$ cat input.pdb   # PDB, C-alpha atoms and all ligand atoms
ATOM      1  CA  MET A1181      14.259  12.681 -10.633  1.00  0.00           C
ATOM      2  CA  GLY A1182      17.460  12.110  -8.725  1.00  0.00           C
ATOM      3  CA  ASP A1183      16.505  14.602  -6.035  1.00  0.00           C
ATOM      4  CA  PRO A1184      18.843  13.745  -3.143  1.00  0.00           C
ATOM      5  CA  GLY A1185      16.320  15.061  -0.609  1.00  0.00           C
ATOM      6  CA  VAL A1186      13.700  12.494  -1.460  1.00  0.00           C
ATOM      7  CA  LYS A1187      13.551   9.432   0.722  1.00  0.00           C
ATOM      8  CA  SER A1188      13.122   6.109  -0.884  1.00  0.00           C
ATOM      9  CA  HIS A1189      10.566   3.840   0.650  1.00  0.00           C
ATOM     10  CA  THR A1190       9.501   0.238   0.413  1.00  0.00           C
ATOM     11  CA  VAL A1191       6.035  -0.271  -0.969  1.00  0.00           C
ATOM     12  CA  LEU A1192       3.855  -3.362  -1.272  1.00  0.00           C
ATOM     13  CA  VAL A1193       1.436  -3.088  -4.178  1.00  0.00           C
ATOM     14  CA  VAL A1194      -1.617  -5.355  -4.095  1.00  0.00           C
ATOM     15  CA  ASP A1195      -3.741  -5.533  -7.219  1.00  0.00           C
ATOM     16  CA  ASP A1196      -5.219  -8.399  -9.176  1.00  0.00           C
ATOM     17  CA  GLU A1197      -4.643  -6.672 -12.516  1.00  0.00           C
ATOM     18  CA  ALA A1198      -1.174  -7.193 -13.947  1.00  0.00           C
ATOM     19  CA  ASN A1199      -1.179  -3.961 -15.950  1.00  0.00           C
ATOM     20  CA  VAL A1200      -2.090  -1.918 -12.877  1.00  0.00           C
ATOM     21  CA  ARG A1201       0.666  -3.602 -10.886  1.00  0.00           C
ATOM     22  CA  SER A1202       3.242  -2.912 -13.554  1.00  0.00           C
ATOM     23  CA  PHE A1203       2.181   0.742 -13.784  1.00  0.00           C
ATOM     24  CA  TYR A1204       2.693   1.122 -10.024  1.00  0.00           C
ATOM     25  CA  VAL A1205       5.982  -0.742 -10.051  1.00  0.00           C
ATOM     26  CA  ASP A1206       7.369   1.381 -12.904  1.00  0.00           C
ATOM     27  CA  ALA A1207       6.119   4.631 -11.399  1.00  0.00           C
ATOM     28  CA  LEU A1208       7.377   3.868  -7.898  1.00  0.00           C
ATOM     29  CA  GLU A1209      10.749   2.637  -9.094  1.00  0.00           C
ATOM     30  CA  GLU A1210      11.091   5.772 -11.165  1.00  0.00           C
ATOM     31  CA  SER A1211      10.680   7.706  -7.917  1.00  0.00           C
ATOM     32  CA  GLY A1212      13.402   5.595  -6.301  1.00  0.00           C
ATOM     33  CA  HIS A1213      11.257   3.331  -4.133  1.00  0.00           C
ATOM     34  CA  SER A1214      11.607  -0.400  -3.808  1.00  0.00           C
ATOM     35  CA  VAL A1215       8.473  -2.252  -4.659  1.00  0.00           C
ATOM     36  CA  SER A1216       7.107  -5.696  -4.002  1.00  0.00           C
ATOM     37  CA  ILE A1217       3.869  -6.978  -5.426  1.00  0.00           C
ATOM     38  CA  ALA A1218       1.061  -9.325  -4.547  1.00  0.00           C
ATOM     39  CA  SER A1219      -1.871 -10.195  -6.749  1.00  0.00           C
ATOM     40  CA  THR A1220      -4.294 -11.060  -3.963  1.00  0.00           C
ATOM     41  CA  GLY A1221      -4.959  -9.988  -0.404  1.00  0.00           C
ATOM     42  CA  GLU A1222      -4.075 -13.454   0.827  1.00  0.00           C
ATOM     43  CA  GLU A1223      -0.725 -13.303  -0.951  1.00  0.00           C
ATOM     44  CA  ALA A1224      -0.045  -9.860   0.528  1.00  0.00           C
ATOM     45  CA  LEU A1225      -0.728 -11.104   4.059  1.00  0.00           C
ATOM     46  CA  GLU A1226       1.499 -14.088   3.497  1.00  0.00           C
ATOM     47  CA  GLN A1227       4.374 -11.837   2.386  1.00  0.00           C
ATOM     48  CA  LEU A1228       3.867  -9.547   5.359  1.00  0.00           C
ATOM     49  CA  ARG A1229       3.743 -12.434   7.811  1.00  0.00           C
ATOM     50  CA  GLU A1230       6.947 -13.825   6.362  1.00  0.00           C
ATOM     51  CA  GLY A1231       8.505 -10.647   7.664  1.00  0.00           C
ATOM     52  CA  SER A1232       8.991  -8.445   4.624  1.00  0.00           C
ATOM     53  CA  LEU A1233       7.444  -5.305   6.052  1.00  0.00           C
ATOM     54  CA  PRO A1234       7.060  -2.363   3.693  1.00  0.00           C
ATOM     55  CA  CYS A1235       6.698   1.337   4.597  1.00  0.00           C
ATOM     56  CA  VAL A1236       3.226   1.306   3.158  1.00  0.00           C
ATOM     57  CA  VAL A1237       0.757  -1.060   1.514  1.00  0.00           C
ATOM     58  CA  LEU A1238      -1.178   0.168  -1.511  1.00  0.00           C
ATOM     59  CA  THR A1239      -4.112  -2.084  -2.252  1.00  0.00           C
ATOM     60  CA  ASP A1240      -6.930  -2.223  -4.742  1.00  0.00           C
ATOM     61  CA  VAL A1241     -10.451  -2.600  -3.353  1.00  0.00           C
ATOM     62  CA  ARG A1242     -11.886  -5.153  -5.741  1.00  0.00           C
ATOM     63  CA  MET A1243      -9.980  -8.372  -5.914  1.00  0.00           C
ATOM     64  CA  PRO A1244     -11.069 -11.979  -6.080  1.00  0.00           C
ATOM     65  CA  GLY A1245     -11.034 -13.491  -2.588  1.00  0.00           C
ATOM     66  CA  MET A1246     -10.076 -11.069   0.116  1.00  0.00           C
ATOM     67  CA  ASP A1247     -10.830  -7.489  -0.931  1.00  0.00           C
ATOM     68  CA  GLY A1248      -8.898  -4.337  -0.028  1.00  0.00           C
ATOM     69  CA  PHE A1249     -11.018  -3.536   3.010  1.00  0.00           C
ATOM     70  CA  GLU A1250     -10.698  -7.074   4.338  1.00  0.00           C
ATOM     71  CA  LEU A1251      -6.969  -6.915   3.814  1.00  0.00           C
ATOM     72  CA  SER A1252      -6.677  -3.644   5.719  1.00  0.00           C
ATOM     73  CA  ARG A1253      -8.734  -5.120   8.559  1.00  0.00           C
ATOM     74  CA  ALA A1254      -6.560  -8.216   8.688  1.00  0.00           C
ATOM     75  CA  ILE A1255      -3.435  -6.032   8.823  1.00  0.00           C
ATOM     76  CA  ALA A1256      -4.906  -3.824  11.549  1.00  0.00           C
ATOM     77  CA  GLU A1257      -5.826  -6.858  13.630  1.00  0.00           C
ATOM     78  CA  ASP A1258      -2.370  -8.402  13.462  1.00  0.00           C
ATOM     79  CA  PRO A1259      -0.156  -6.931  16.191  1.00  0.00           C
ATOM     80  CA  GLN A1260       2.947  -7.563  14.076  1.00  0.00           C
ATOM     81  CA  LEU A1261       1.497  -5.652  11.144  1.00  0.00           C
ATOM     82  CA  ALA A1262      -0.859  -3.126  12.688  1.00  0.00           C
ATOM     83  CA  SER A1263       1.599  -0.256  12.429  1.00  0.00           C
ATOM     84  CA  ILE A1264       1.893  -0.494   8.650  1.00  0.00           C
ATOM     85  CA  PRO A1265      -0.077   2.226   6.902  1.00  0.00           C
ATOM     86  CA  ILE A1266      -2.407   0.878   4.261  1.00  0.00           C
ATOM     87  CA  VAL A1267      -4.003   2.862   1.476  1.00  0.00           C
ATOM     88  CA  VAL A1268      -7.074   1.312  -0.099  1.00  0.00           C
ATOM     89  CA  MET A1269      -7.555   2.544  -3.631  1.00  0.00           C
ATOM     90  CA  THR A1270     -10.201   2.208  -6.256  1.00  0.00           C
ATOM     91  CA  GLY A1271     -10.532   3.090  -9.902  1.00  0.00           C
ATOM     92  CA  ASP A1272     -14.293   3.254  -9.341  1.00  0.00           C
ATOM     93  CA  LYS A1273     -15.406   6.876  -8.962  1.00  0.00           C
ATOM     94  CA  ILE A1274     -18.631   5.961  -7.219  1.00  0.00           C
ATOM     95  CA  LEU A1275     -16.912   3.764  -4.695  1.00  0.00           C
ATOM     96  CA  SER A1276     -14.354   6.488  -4.011  1.00  0.00           C
ATOM     97  CA  PHE A1277     -17.216   8.774  -2.943  1.00  0.00           C
ATOM     98  CA  SER A1278     -19.187   6.220  -0.982  1.00  0.00           C
ATOM     99  CA  SER A1279     -16.442   4.384   0.897  1.00  0.00           C
ATOM    100  CA  PRO A1280     -13.144   5.057   2.665  1.00  0.00           C
ATOM    101  CA  ALA A1281     -11.285   4.061  -0.494  1.00  0.00           C
ATOM    102  CA  ARG A1282      -9.531   6.804  -2.373  1.00  0.00           C
ATOM    103  CA  ASP A1283      -9.058   7.423  -6.070  1.00  0.00           C
ATOM    104  CA  LYS A1284      -6.185   5.575  -7.649  1.00  0.00           C
ATOM    105  CA  PRO A1285      -3.379   7.951  -8.454  1.00  0.00           C
ATOM    106  CA  PHE A1286      -2.632   8.071 -12.147  1.00  0.00           C
ATOM    107  CA  SER A1287       0.655   9.915 -12.327  1.00  0.00           C
ATOM    108  CA  VAL A1288       4.148   9.190 -11.105  1.00  0.00           C
ATOM    109  CA  ALA A1289       4.185  12.419  -9.084  1.00  0.00           C
ATOM    110  CA  GLU A1290       0.836  11.727  -7.452  1.00  0.00           C
ATOM    111  CA  LEU A1291       1.855   8.232  -6.505  1.00  0.00           C
ATOM    112  CA  ASP A1292       5.171   9.421  -5.115  1.00  0.00           C
ATOM    113  CA  ALA A1293       3.443  12.110  -3.052  1.00  0.00           C
ATOM    114  CA  LEU A1294       1.063   9.511  -1.648  1.00  0.00           C
ATOM    115  CA  VAL A1295       3.931   7.239  -0.620  1.00  0.00           C
ATOM    116  CA  GLN A1296       5.922  10.115   0.893  1.00  0.00           C
ATOM    117  CA  ARG A1297       2.893  11.169   2.917  1.00  0.00           C
ATOM    118  CA  SER A1298       1.958   7.676   3.989  1.00  0.00           C
ATOM    119  CA  CYS A1299       5.378   6.623   5.175  1.00  0.00           C
ATOM    120  CA  SER A1300       5.501   8.206   8.574  1.00  0.00           C
ATOM    121  CA  LEU A1301       6.979   5.048  10.051  1.00  0.00           C
ATOM    122  CA  HIS A1302      10.283   5.418   8.278  1.00  0.00           C
ATOM    123  CA  ARG A1303      11.849   7.465  11.052  1.00  0.00           C
ATOM    124  CA  VAL A1304      10.685   5.161  13.831  1.00  0.00           C
ATOM    125  CA  SER A1305      11.262   1.836  12.140  1.00  0.00           C
ATOM    126  CA  SER A1306      13.761   0.658  14.764  1.00  0.00           C
ATOM    127  CA  ALA A1307      12.808  -2.432  16.704  1.00  0.00           C
ATOM    128  CA  ALA A1308      12.983  -0.349  19.871  1.00  0.00           C
ATOM    129  CA  SER A1309      10.013   1.782  18.880  1.00  0.00           C
ATOM    130  CA  ALA A1310       7.402   1.719  21.594  1.00  0.00           C
ATOM    131  CA  GLN A1311       4.310  -0.334  21.110  1.00  0.00           C
ATOM    132  CA  VAL A1312       1.418   2.053  21.250  1.00  0.00           C
ATOM    133  CA  GLY A1313      -1.491   0.222  22.757  1.00  0.00           C
ATOM    134  CA  GLY A1314      -4.675   0.313  20.786  1.00  0.00           C
ATOM    135  CA  GLY A1315      -6.333  -2.580  22.513  1.00  0.00           C
ATOM    136  CA  PRO A1316      -6.231  -6.205  21.369  1.00  0.00           C
TER     137      PRO A1316
HETATM  138 ZN    ZN A1401       9.608   4.679   4.183  1.00  0.00          ZN
END
$ encode --input "input.pdb" --output "structure tokens"
Amino acid sequence: MGDPGVKSHTVLVVDDEANVRSFYVDALEESGHSVSIASTGEEALEQLREGSLPCVVLTDVRMPGMDGFELSRAIAEDPQLASIPIVVMTGDKILSFSSPARDKPFSVAELDALVQRSCSLHRVSSAASAQVGGGP
């Protein structure tokens, strides 16, 4: 803690379970990140479209309404949001083997490492950054 070499990032946590959200918020804040939360995919998209763009989105797979995969598709299809890395996570071991979702991290260190790895945009976050074409 308090390591001056560690970058702090902005993270959007999307999970329908309040206790999971508060675990992530506590853990990420402990690592020095700023965290915003959404309890549904729809709410997450709304926040993103209002212009509060995080370094990375961490989303649960199973949520009422839009699920984590649908959310990541919606983000990828929106030219304003497509550059945001999104990590789809599941607490379901079977799903983590059979889908692109990854295991939910359970420790502060694991979660911090995931955020540090995922935030590759931090250095190029200026508005001048080139738009890399990936088709419409
Ligand atoms: Zn960052």
$ residues_near_ligand --input "input.pdb" --ligand "ligand ZN 1401 (chain A)" --cutoff "6 Å" --atoms "all atoms listed in the file" --output "PyMOL selection string"
chain A and resi 1189-1190+1235+1299+1302
$ closest_residue --input "input.pdb" --among "A:Gln1296, A:Ser1278, A:Ser1188, A:Ser1216" --to "Arg1201 (chain A)" --atoms "all atoms listed in the file"
A:Ser1216
$ residues_around --input "input.pdb" --residues "Glu1222 (chain A)" --least-positions-apart "5" --cutoff "9 Å" --atoms "all atoms listed in the file" --output "PDB file with C-alpha atoms, in the coordinates of the input"
ATOM      1  CA  GLN A1227       4.374 -11.837   2.386  1.00  0.00           C
ATOM      2  CA  GLY A1245     -11.034 -13.491  -2.588  1.00  0.00           C
ATOM      3  CA  MET A1246     -10.076 -11.069   0.116  1.00  0.00           C
ATOM      4  CA  LEU A1251      -6.969  -6.915   3.814  1.00  0.00           C
TER       5      LEU A1251
END
$ atom_distance --input "input.pdb" --atom1 "CA of Asp1283 (chain A)" --atom2 "CA of Val1268 (chain A)"
8.8 Å
$ residues_near_point --input "input.pdb" --point "(-10.0, 3.7, -10.2)" --cutoff "9 Å" --atoms "only C-alpha atoms" --output "ChimeraX atom specification"
/A:1240,1269-1273,1275-1276,1282-1286
$ write_last_selection --input "input.pdb" --atoms "C-alpha atoms" --output "PDB file, in the coordinates of the input"
ATOM      1  CA  ASP A1240      -6.930  -2.223  -4.742  1.00  0.00           C
ATOM      2  CA  MET A1269      -7.555   2.544  -3.631  1.00  0.00           C
ATOM      3  CA  THR A1270     -10.201   2.208  -6.256  1.00  0.00           C
ATOM      4  CA  GLY A1271     -10.532   3.090  -9.902  1.00  0.00           C
ATOM      5  CA  ASP A1272     -14.293   3.254  -9.341  1.00  0.00           C
ATOM      6  CA  LYS A1273     -15.406   6.876  -8.962  1.00  0.00           C
ATOM      7  CA  LEU A1275     -16.912   3.764  -4.695  1.00  0.00           C
ATOM      8  CA  SER A1276     -14.354   6.488  -4.011  1.00  0.00           C
ATOM      9  CA  ARG A1282      -9.531   6.804  -2.373  1.00  0.00           C
ATOM     10  CA  ASP A1283      -9.058   7.423  -6.070  1.00  0.00           C
ATOM     11  CA  LYS A1284      -6.185   5.575  -7.649  1.00  0.00           C
ATOM     12  CA  PRO A1285      -3.379   7.951  -8.454  1.00  0.00           C
ATOM     13  CA  PHE A1286      -2.632   8.071 -12.147  1.00  0.00           C
TER      14      PHE A1286
END
$ closest_residue --input "input.pdb" --among "A:Asp1258, A:Leu1233, A:Lys1187, A:Leu1228" --to "Ala1293 (chain A)" --atoms "only C-alpha atoms"
A:Lys1187
$ closest_residue --input "input.pdb" --among "A:Ser1232, A:Ser1219, A:Ser1202, A:Ser1252" --to "Ala1281 (chain A)" --atoms "only C-alpha atoms"
A:Ser1252
$ residues_around --input "input.pdb" --residues "region 1262-1267 of chain A" --least-positions-apart "5" --cutoff "7 Å" --atoms "only C-alpha atoms" --output "list in words"
Cys1235, Val1236, Val1237, Leu1238, Thr1239, Ser1252, Ile1255, Ala1256, Glu1257 and Ser1298 of chain A
$ write_last_selection --input "input.pdb" --atoms "C-alpha atoms" --output "compact mmCIF listing (two decimals), in the frame of the given file"
# COMPACT_ATOMS: atom_id res chain seq x y z
CA CYS A 1235 6.70 1.34 4.60
CA VAL A 1236 3.23 1.31 3.16
CA VAL A 1237 0.76 -1.06 1.51
CA LEU A 1238 -1.18 0.17 -1.51
CA THR A 1239 -4.11 -2.08 -2.25
CA SER A 1252 -6.68 -3.64 5.72
CA ILE A 1255 -3.44 -6.03 8.82
CA ALA A 1256 -4.91 -3.82 11.55
CA GLU A 1257 -5.83 -6.86 13.63
CA SER A 1298 1.96 7.68 3.99
$ closest_residue --input "input.pdb" --among "A:Glu1250, A:Glu1230, A:Asp1195, A:Asp1292" --to "Gly1212 (chain A)" --atoms "all atoms listed in the file"
A:Asp1292
$ decode --input "input.pdb" --residues "region 1216-1241 of chain A" --atoms "N, CA and C atoms" --output "mmCIF file, in the first residue's frame"
data_model
loop_
_atom_site.group_PDB
_atom_site.id
_atom_site.type_symbol
_atom_site.label_atom_id
_atom_site.label_comp_id
_atom_site.auth_asym_id
_atom_site.auth_seq_id
_atom_site.Cartn_x
_atom_site.Cartn_y
_atom_site.Cartn_z
ATOM 1 N N SER A 1216 -16.393 3.599 -9.948
ATOM 2 C CA SER A 1216 -17.815 3.887 -10.018
ATOM 3 C C SER A 1216 -18.533 2.566 -10.209
ATOM 4 N N ILE A 1217 -19.798 2.552 -9.866
ATOM 5 C CA ILE A 1217 -20.534 1.289 -9.912
ATOM 6 C C ILE A 1217 -21.825 1.420 -10.698
ATOM 7 N N ALA A 1218 -22.237 0.280 -11.250
ATOM 8 C CA ALA A 1218 -23.542 0.181 -11.884
ATOM 9 C C ALA A 1218 -24.088 -1.186 -11.509
ATOM 10 N N SER A 1219 -25.392 -1.273 -11.327
ATOM 11 C CA SER A 1219 -25.940 -2.560 -10.915
ATOM 12 C C SER A 1219 -26.538 -3.349 -12.078
ATOM 13 N N THR A 1220 -26.604 -2.718 -13.245
ATOM 14 C CA THR A 1220 -27.061 -3.448 -14.427
ATOM 15 C C THR A 1220 -26.232 -3.013 -15.634
ATOM 16 N N GLY A 1221 -26.282 -3.825 -16.680
ATOM 17 C CA GLY A 1221 -25.596 -3.473 -17.907
ATOM 18 C C GLY A 1221 -26.131 -2.189 -18.513
ATOM 19 N N GLU A 1222 -27.447 -2.043 -18.441
ATOM 20 C CA GLU A 1222 -28.088 -0.843 -18.997
ATOM 21 C C GLU A 1222 -27.578 0.417 -18.288
ATOM 22 N N GLU A 1223 -27.480 0.306 -16.944
ATOM 23 C CA GLU A 1223 -27.027 1.436 -16.153
ATOM 24 C C GLU A 1223 -25.565 1.764 -16.487
ATOM 25 N N ALA A 1224 -24.771 0.724 -16.700
ATOM 26 C CA ALA A 1224 -23.361 0.920 -17.049
ATOM 27 C C ALA A 1224 -23.247 1.674 -18.373
ATOM 28 N N LEU A 1225 -24.016 1.242 -19.362
ATOM 29 C CA LEU A 1225 -23.981 1.893 -20.677
ATOM 30 C C LEU A 1225 -24.391 3.351 -20.583
ATOM 31 N N GLU A 1226 -25.410 3.586 -19.776
ATOM 32 C CA GLU A 1226 -25.903 4.942 -19.587
ATOM 33 C C GLU A 1226 -24.800 5.832 -19.008
ATOM 34 N N GLN A 1227 -24.112 5.329 -17.985
ATOM 35 C CA GLN A 1227 -23.004 6.083 -17.382
ATOM 36 C C GLN A 1227 -21.907 6.361 -18.397
ATOM 37 N N LEU A 1228 -21.589 5.338 -19.188
ATOM 38 C CA LEU A 1228 -20.513 5.490 -20.172
ATOM 39 C C LEU A 1228 -20.907 6.509 -21.236
ATOM 40 N N ARG A 1229 -22.166 6.441 -21.654
ATOM 41 C CA ARG A 1229 -22.618 7.355 -22.713
ATOM 42 C C ARG A 1229 -22.760 8.777 -22.218
ATOM 43 N N GLU A 1230 -22.906 8.935 -20.903
ATOM 44 C CA GLU A 1230 -22.923 10.282 -20.339
ATOM 45 C C GLU A 1230 -21.522 10.875 -20.302
ATOM 46 N N GLY A 1231 -20.541 10.053 -20.630
ATOM 47 C CA GLY A 1231 -19.190 10.581 -20.782
ATOM 48 C C GLY A 1231 -18.219 10.275 -19.660
ATOM 49 N N SER A 1232 -18.648 9.511 -18.651
ATOM 50 C CA SER A 1232 -17.683 9.159 -17.613
ATOM 51 C C SER A 1232 -16.980 7.865 -18.000
ATOM 52 N N LEU A 1233 -15.859 8.027 -18.729
ATOM 53 C CA LEU A 1233 -15.170 6.867 -19.263
ATOM 54 C C LEU A 1233 -14.078 6.378 -18.319
ATOM 55 N N PRO A 1234 -14.199 5.138 -17.879
ATOM 56 C CA PRO A 1234 -13.195 4.572 -16.982
ATOM 57 C C PRO A 1234 -12.020 3.990 -17.773
ATOM 58 N N CYS A 1235 -10.958 3.598 -17.067
ATOM 59 C CA CYS A 1235 -9.830 2.894 -17.687
ATOM 60 C C CYS A 1235 -10.255 1.496 -18.112
ATOM 61 N N VAL A 1236 -11.126 0.919 -17.320
ATOM 62 C CA VAL A 1236 -11.523 -0.460 -17.559
ATOM 63 C C VAL A 1236 -12.902 -0.695 -16.946
ATOM 64 N N VAL A 1237 -13.664 -1.576 -17.589
ATOM 65 C CA VAL A 1237 -14.960 -1.989 -17.057
ATOM 66 C C VAL A 1237 -14.839 -3.433 -16.583
ATOM 67 N N LEU A 1238 -15.209 -3.676 -15.342
ATOM 68 C CA LEU A 1238 -15.267 -5.038 -14.820
ATOM 69 C C LEU A 1238 -16.727 -5.404 -14.666
ATOM 70 N N THR A 1239 -17.169 -6.414 -15.403
ATOM 71 C CA THR A 1239 -18.588 -6.757 -15.316
ATOM 72 C C THR A 1239 -18.816 -8.224 -15.006
ATOM 73 N N ASP A 1240 -19.865 -8.467 -14.258
ATOM 74 C CA ASP A 1240 -20.349 -9.805 -13.986
ATOM 75 C C ASP A 1240 -20.997 -10.353 -15.263
ATOM 76 N N VAL A 1241 -21.060 -11.662 -15.396
ATOM 77 C CA VAL A 1241 -21.764 -12.241 -16.541
ATOM 78 C C VAL A 1241 -23.270 -12.214 -16.309
#
